[in-house]
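Have a look at protein.cif; it's mmCIF, C-alpha atoms:
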data_run
loop_
_atom_site.label_atom_id
_atom_site.label_comp_id
_atom_site.auth_asym_id
_atom_site.auth_seq_id
_atom_site.Cartn_x
_atom_site.Cartn_y
_atom_site.Cartn_z
CA MET A 43 -17.83 -10.09 -2.13
CA ALA A 44 -16.36 -9.74 -5.61
CA ALA A 45 -18.24 -9.97 -8.84
CA GLY A 46 -20.24 -13.05 -8.00
CA VAL A 47 -20.29 -16.68 -7.01
CA ARG A 48 -20.47 -19.80 -9.12
CA ASN A 49 -20.46 -22.33 -6.33
CA SER A 50 -20.46 -22.44 -2.57
CA VAL A 51 -17.98 -23.93 -0.16
CA ASP A 52 -18.50 -25.27 3.35
CA TYR A 53 -16.69 -23.36 6.07
CA PRO A 54 -17.23 -23.51 9.84
CA VAL A 55 -20.22 -21.51 11.02
CA ASP A 56 -20.72 -20.43 14.61
CA SER A 57 -23.76 -22.18 16.08
CA SER A 58 -25.06 -18.88 17.42
CA SER A 59 -25.17 -17.37 13.93
CA LYS A 60 -28.04 -17.44 11.44
CA SER A 61 -25.60 -17.06 8.57
CA ALA A 62 -25.14 -20.77 8.11
CA GLY A 63 -26.14 -21.75 4.59
CA LYS A 64 -24.37 -24.82 3.20
CA GLY A 65 -23.25 -25.88 -0.22
CA ASN A 66 -20.73 -28.02 -2.03
CA ASP A 67 -17.71 -27.28 -4.18
CA ASP A 68 -18.55 -28.46 -7.70
CA ASP A 69 -16.43 -26.11 -9.81
CA ASN A 70 -16.09 -28.47 -12.76
CA GLY A 71 -17.25 -26.13 -15.48
CA THR A 72 -20.85 -27.30 -15.42
CA GLY A 73 -22.04 -24.30 -13.44
CA ALA A 74 -21.00 -21.60 -15.89
CA ARG A 75 -24.40 -19.99 -15.67
CA ARG A 76 -25.29 -20.61 -12.08
CA LEU A 77 -26.34 -17.54 -10.13
CA GLU A 78 -23.40 -15.53 -8.84
CA ARG A 79 -24.40 -15.94 -5.23
CA ALA A 80 -23.15 -17.27 -1.95
CA ALA A 81 -24.87 -20.54 -1.09
CA ALA A 82 -27.77 -22.61 -2.31
CA PRO A 83 -29.55 -25.89 -1.62
CA SER A 84 -27.22 -28.61 -2.88
CA SER A 85 -28.87 -31.70 -1.49
CA SER A 86 -32.22 -32.91 -0.30
CA SER A 87 -31.24 -32.09 3.28
CA ASP A 88 -31.10 -28.42 2.34
CA ASN A 89 -34.88 -28.48 1.85
CA ASN A 90 -35.22 -28.65 5.60
CA PRO A 91 -37.48 -25.70 6.57
CA GLN A 92 -34.98 -24.62 9.21
CA LYS A 93 -32.19 -24.41 6.64
CA GLN A 94 -34.38 -22.48 4.23
CA ASP A 95 -34.39 -19.55 6.67
CA LEU A 96 -30.60 -19.40 6.97
CA PHE A 97 -28.75 -16.56 5.31
CA VAL A 98 -26.62 -17.31 2.27
CA LEU A 99 -22.86 -17.53 2.60
CA SER A 100 -20.39 -15.23 0.91
CA HIS A 101 -17.86 -16.44 -1.65
CA ASP A 102 -15.12 -14.57 -3.51
CA THR A 103 -15.23 -15.27 -7.25
CA LEU A 104 -12.84 -12.47 -8.15
CA ARG A 105 -9.82 -14.17 -6.56
CA SER A 106 -11.31 -17.33 -5.01
CA THR A 107 -10.01 -16.21 -1.62
CA LYS A 108 -11.23 -18.39 1.22
CA ILE A 109 -13.74 -16.54 3.38
CA TYR A 110 -14.08 -17.49 7.01
CA GLN A 111 -17.81 -18.15 7.35
CA THR A 112 -18.10 -17.69 11.11
CA LEU A 113 -19.75 -14.90 13.04
CA PRO A 114 -18.17 -14.81 16.49
CA SER A 115 -20.56 -15.14 19.40
CA THR A 116 -19.08 -11.89 20.71
CA ALA A 117 -20.23 -9.91 17.66
CA THR A 118 -21.90 -6.63 18.57
CA GLY A 119 -23.91 -3.94 16.85
CA PRO A 120 -25.97 -4.62 13.72
CA TRP A 121 -23.92 -7.68 12.73
CA ARG A 122 -24.95 -9.85 15.65
CA ASP A 123 -26.55 -12.60 13.54
CA HIS A 124 -28.05 -11.11 10.39
CA PRO A 125 -27.79 -8.20 7.91
CA PRO A 126 -29.26 -4.99 9.33
CA ILE A 127 -32.50 -4.00 7.60
CA PHE A 128 -33.55 -0.39 8.06
CA THR A 129 -37.12 0.77 7.73
CA GLY A 130 -36.91 3.84 5.51
CA PRO A 131 -34.75 6.21 3.46
CA GLU A 132 -34.15 8.38 6.51
CA GLU A 133 -32.26 5.50 8.13
CA ARG A 134 -29.92 4.70 5.25
CA HIS A 135 -27.12 6.60 6.98
CA LEU A 136 -27.24 3.94 9.71
CA LEU A 137 -26.44 1.21 7.19
CA LYS A 138 -23.65 3.33 5.70
CA GLU A 139 -22.14 3.85 9.13
CA ALA A 140 -22.36 0.13 9.87
CA CYS A 141 -20.70 -0.75 6.55
CA ARG A 142 -17.92 1.77 7.08
CA GLY A 143 -17.15 -0.01 10.32
CA GLY A 144 -16.66 -3.24 8.37
CA VAL A 145 -19.07 -5.93 7.15
CA PRO A 146 -18.29 -9.43 8.45
CA PRO A 147 -17.11 -11.42 5.41
CA ALA A 148 -19.69 -14.17 6.04
CA LEU A 149 -22.53 -11.66 5.66
CA ARG A 150 -21.33 -9.63 2.66
CA CYS A 151 -23.50 -11.38 0.08
CA ALA A 152 -26.60 -11.26 2.28
CA VAL A 153 -26.01 -7.59 3.14
CA TRP A 154 -25.77 -6.70 -0.54
CA ILE A 155 -28.93 -8.45 -1.72
CA THR A 156 -31.05 -7.39 1.26
CA SER A 157 -29.94 -3.77 0.89
CA VAL A 158 -30.73 -3.72 -2.83
CA ILE A 159 -34.19 -5.19 -2.25
CA ARG A 160 -34.85 -2.76 0.59
CA VAL A 161 -34.02 0.27 -1.57
CA SER A 162 -35.97 -0.93 -4.60
CA HIS A 163 -39.01 -2.06 -2.56
CA CYS A 164 -38.91 0.42 0.31
CA HIS A 165 -42.70 0.44 0.71
CA ARG A 166 -42.98 -3.32 1.11
CA PRO A 167 -42.59 -5.17 4.43
CA LYS A 168 -39.14 -5.31 5.95
CA SER A 169 -39.48 -9.09 6.14
CA LEU A 170 -39.41 -9.29 2.32
CA SER A 171 -35.95 -7.73 2.19
CA GLU A 172 -34.66 -10.13 4.82
CA GLU A 173 -36.15 -13.13 3.03
CA TYR A 174 -34.19 -12.31 -0.14
CA GLY A 175 -30.99 -12.91 1.78
CA THR A 176 -31.95 -16.45 2.76
CA VAL A 177 -31.54 -19.85 1.15
CA LYS A 178 -35.26 -20.13 0.33
CA ARG A 179 -34.97 -17.34 -2.26
CA VAL A 180 -31.96 -18.78 -4.08
CA PRO A 181 -33.90 -20.86 -6.67
CA SER A 182 -36.09 -17.94 -7.80
CA ILE A 183 -33.16 -15.51 -7.95
CA GLU A 184 -31.06 -18.06 -9.83
CA HIS A 185 -33.87 -18.61 -12.33
CA THR A 186 -34.12 -14.85 -12.97
CA TRP A 187 -30.34 -14.57 -13.32
CA ASN A 188 -30.26 -17.35 -15.90
CA LEU A 189 -33.01 -15.61 -17.90
CA VAL A 190 -30.98 -12.40 -17.88
CA LEU A 191 -27.86 -14.28 -19.00
CA ASP A 192 -29.78 -15.82 -21.89
CA GLN A 193 -30.92 -12.36 -22.97
CA THR A 194 -27.43 -10.91 -22.66
CA PHE A 195 -25.68 -13.81 -24.41
CA PRO A 196 -28.29 -15.27 -26.81
CA GLU A 197 -25.76 -17.27 -28.86
CA ARG A 198 -23.67 -20.09 -27.44
CA ASP A 199 -20.31 -18.40 -28.07
CA ASP A 200 -21.35 -14.89 -27.04
CA GLU A 201 -20.25 -15.21 -23.44
CA SER A 202 -16.85 -16.75 -24.20
CA MET A 203 -16.12 -14.02 -26.75
CA ALA A 204 -17.31 -11.11 -24.58
CA THR A 205 -14.87 -8.38 -23.61
CA ILE A 206 -15.11 -6.34 -20.42
CA PRO A 207 -17.30 -3.23 -20.92
CA ASP A 208 -15.39 -0.10 -19.90
CA PHE A 209 -18.34 2.29 -19.35
CA GLY A 210 -16.07 5.15 -20.46
CA LEU A 211 -13.02 4.04 -18.48
CA HIS A 212 -9.76 4.65 -20.36
CA SER A 213 -8.10 1.53 -21.72
CA GLU A 214 -5.03 1.99 -19.50
CA ASP A 215 -7.32 2.21 -16.47
CA VAL A 216 -9.08 -1.00 -17.49
CA THR A 217 -5.66 -2.65 -17.69
CA SER A 218 -4.79 -1.29 -14.25
CA LEU A 219 -8.11 -2.60 -12.90
CA LEU A 220 -7.37 -6.09 -14.15
CA GLU A 221 -3.68 -6.15 -13.28
CA THR A 222 -3.00 -4.16 -10.10
CA SER A 223 -5.96 -2.21 -8.69
CA HIS A 224 -7.50 -4.99 -6.60
CA GLY A 225 -5.06 -6.87 -4.43
CA ALA A 226 -1.97 -5.41 -6.19
CA LYS A 227 -1.81 -8.45 -8.45
CA PRO A 228 -3.62 -9.60 -11.62
CA ILE A 229 -7.18 -10.81 -11.34
CA PRO A 230 -7.12 -14.53 -12.31
CA PRO A 231 -8.86 -15.66 -15.54
CA GLN A 232 -11.95 -17.03 -13.78
CA GLY A 233 -12.34 -13.79 -11.85
CA ARG A 234 -12.07 -11.76 -15.06
CA LYS A 235 -14.74 -13.93 -16.65
CA SER A 236 -17.06 -13.38 -13.70
CA LEU A 237 -16.46 -9.61 -13.72
CA THR A 238 -17.00 -9.42 -17.48
CA ARG A 239 -20.24 -11.40 -17.18
CA VAL A 240 -21.66 -9.06 -14.53
CA LEU A 241 -20.67 -5.90 -16.43
CA CYS A 242 -22.09 -7.23 -19.71
CA VAL A 243 -25.40 -7.92 -17.98
CA MET A 244 -25.45 -4.40 -16.55
CA ARG A 245 -24.74 -2.87 -19.96
CA HIS A 246 -27.48 -4.97 -21.54
CA MET A 247 -30.08 -4.24 -18.86
CA HIS A 248 -29.20 -0.53 -18.61
CA SER A 249 -28.36 0.39 -22.16
CA GLY A 250 -28.89 4.08 -21.42
CA ILE A 251 -25.76 4.22 -19.28
CA ASP A 252 -23.02 5.35 -21.65
CA TYR A 253 -20.55 6.95 -19.27
CA ALA A 254 -20.04 5.59 -15.76
CA PRO A 255 -16.29 4.93 -15.35
CA LEU A 256 -16.63 3.99 -11.67
CA VAL A 257 -18.88 1.02 -12.44
CA PRO A 258 -16.10 -1.51 -13.34
CA ASP A 259 -14.23 -0.75 -10.10
CA LEU A 260 -17.41 -0.96 -8.03
CA ALA A 261 -18.34 -4.27 -9.64
CA ALA A 262 -14.92 -5.68 -8.79
CA ILE A 263 -15.17 -4.52 -5.17
CA LEU A 264 -18.67 -5.93 -4.69
#
As structure tokens - that is how I would like this structure written.
Amino acid sequence: MAAGVRNSVDYPVDSSSKSAGKGNDDDNGTGARRLERAAAPSSSSDNNPQKQDLFVLSHDTLRSTKIYQTLPSTATGPWRDHPPIFTGPEERHLLKEACRGGVPPALRCAVWITSVIRVSHCHRPKSLSEEYGTVKRVPSIEHTWNLVLDQTFPERDDESMATIPDFGLHSEDVTSLLETSHGAKPIPPQGRKSLTRVLCVMRHMHSGIDYAPLVPDLAAIL
């Protein structure tokens, strides 16, 4: 949910759910370049093999809205205890239908990363996609994210001085995006920083994309 996650927060998790990653709230400015993710090992206890197979939590870094991290035991359909992983391109419509019905907030981060991996590695085992949504993959994904941030912002002040890329969006629409489009109220400063960081990375990694005015809105939604 939202542009990304700098830290994780403990919320109650239903004992019947696999989506039970844990973390701690350490938003003291030291994690400016931590992976924008849901939950990660934060103590030695998180190295427990059983915890390594839990799915990451979701966390809203656009508005810092508290997300209820519980999957009810009465959950039905593909959201029973994990993100649905489909086996081929011909089944993508099933995921779309499931998402249109509403993704449980606790699973939004895991659904996003597992879906991206499934599409980009569709010929590899389904288990690989599912693994990317678990705590065990957080360190390697975080390491890759930090490398990308270093490439995007090579100088110390580059990130603090960065402005939000518009990808062809008119300036008044960028203002609307930041002030009223999401939640009918301004995106707070930390949320704007997170959104700008993600969009700058995308522009750096995909320099051939000159005109894609829907990208800023999509980044804010995700």
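Reported to one decimal place, the separation of atom CA of Tyr110 of chain A from atom CA of Glu173 of chain A is 22.8 Å.
Closest to Val243 of chain A among A:Pro126, A:Pro196, A:Gly210, A:Pro228 is A:Pro196, based on all atoms listed in the file.
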Neighbour list for Leu149 of chain A as a list in words, cut-off 7 Å, only C-alpha atoms, skip fewer than 2 positions in-chain = Ser61, Leu99, Ser100, Pro125, Val145, Pro146, Pro147, Cys151, Ala152 and Val153 of chain A
Would you mind reading off the distance between atom CA of Phe209 of chain A and atom CA of Ser236 of chain A, one decimal, in Å?
->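 So the answer is 16.7 Å.
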Name the residues that the PyMOL selection byres ((chain A and resi 159) around 10) picks from the file above, as a PyMOL selection string, using the file's chain letters and numbers.
-> chain A and resi 154-158+160-164+166+168+170-175
Give as a PDB file with C-alpha atoms, keeping the file's coordinate frame the set of residues within 12 Å of the point (-17.5, -16.8, -22.3), where distances use the file's coordinates and all atoms listed in the file.
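After the write, part.pdb holds the following:
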ATOM      1  CA  GLY A  71     -17.250 -26.130 -15.480  1.00  0.00           C
ATOM      2  CA  ALA A  74     -21.000 -21.600 -15.890  1.00  0.00           C
ATOM      3  CA  ARG A  75     -24.400 -19.990 -15.670  1.00  0.00           C
ATOM      4  CA  LEU A 191     -27.860 -14.280 -19.000  1.00  0.00           C
ATOM      5  CA  THR A 194     -27.430 -10.910 -22.660  1.00  0.00           C
ATOM      6  CA  PHE A 195     -25.680 -13.810 -24.410  1.00  0.00           C
ATOM      7  CA  PRO A 196     -28.290 -15.270 -26.810  1.00  0.00           C
ATOM      8  CA  GLU A 197     -25.760 -17.270 -28.860  1.00  0.00           C
ATOM      9  CA  ARG A 198     -23.670 -20.090 -27.440  1.00  0.00           C
ATOM     10  CA  ASP A 199     -20.310 -18.400 -28.070  1.00  0.00           C
ATOM     11  CA  ASP A 200     -21.350 -14.890 -27.040  1.00  0.00           C
ATOM     12  CA  GLU A 201     -20.250 -15.210 -23.440  1.00  0.00           C
ATOM     13  CA  SER A 202     -16.850 -16.750 -24.200  1.00  0.00           C
ATOM     14  CA  MET A 203     -16.120 -14.020 -26.750  1.00  0.00           C
ATOM     15  CA  ALA A 204     -17.310 -11.110 -24.580  1.00  0.00           C
ATOM     16  CA  THR A 205     -14.870  -8.380 -23.610  1.00  0.00           C
ATOM     17  CA  ILE A 206     -15.110  -6.340 -20.420  1.00  0.00           C
ATOM     18  CA  PRO A 231      -8.860 -15.660 -15.540  1.00  0.00           C
ATOM     19  CA  GLN A 232     -11.950 -17.030 -13.780  1.00  0.00           C
ATOM     20  CA  ARG A 234     -12.070 -11.760 -15.060  1.00  0.00           C
ATOM     21  CA  LYS A 235     -14.740 -13.930 -16.650  1.00  0.00           C
ATOM     22  CA  SER A 236     -17.060 -13.380 -13.700  1.00  0.00           C
ATOM     23  CA  LEU A 237     -16.460  -9.610 -13.720  1.00  0.00           C
ATOM     24  CA  THR A 238     -17.000  -9.420 -17.480  1.00  0.00           C
ATOM     25  CA  ARG A 239     -20.240 -11.400 -17.180  1.00  0.00           C
ATOM     26  CA  VAL A 240     -21.660  -9.060 -14.530  1.00  0.00           C
ATOM     27  CA  CYS A 242     -22.090  -7.230 -19.710  1.00  0.00           C
TER      28      CYS A 242
END
Could you list the residues chosen by the PyMOL selection byres ((chain A and resi 255) around 9) in this structure as an MDAnalysis selection string?
-> chainID A and resid 208:212 253:254 256:259
Selected residue of minimal separation from Leu220 of chain A among A:Ile183, A:Leu104, A:Val98, A:Val177, counting all atoms listed in the file |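 Smallest separation from Leu220 of chain A among the options: A:Leu104.
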What gap, in Å, lies between atom CA of Ala261 of chain A and atom CA of Pro207 of chain A?
->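 A separation of 11.4 Å between them.
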Contact residues around Ile229 of chain A with all atoms listed in the file at 12 Å, ignoring same-chain residues under 5 positions, as number ranges by chain = A: 44-45, 102-107, 216-224, 234-238, 262-263
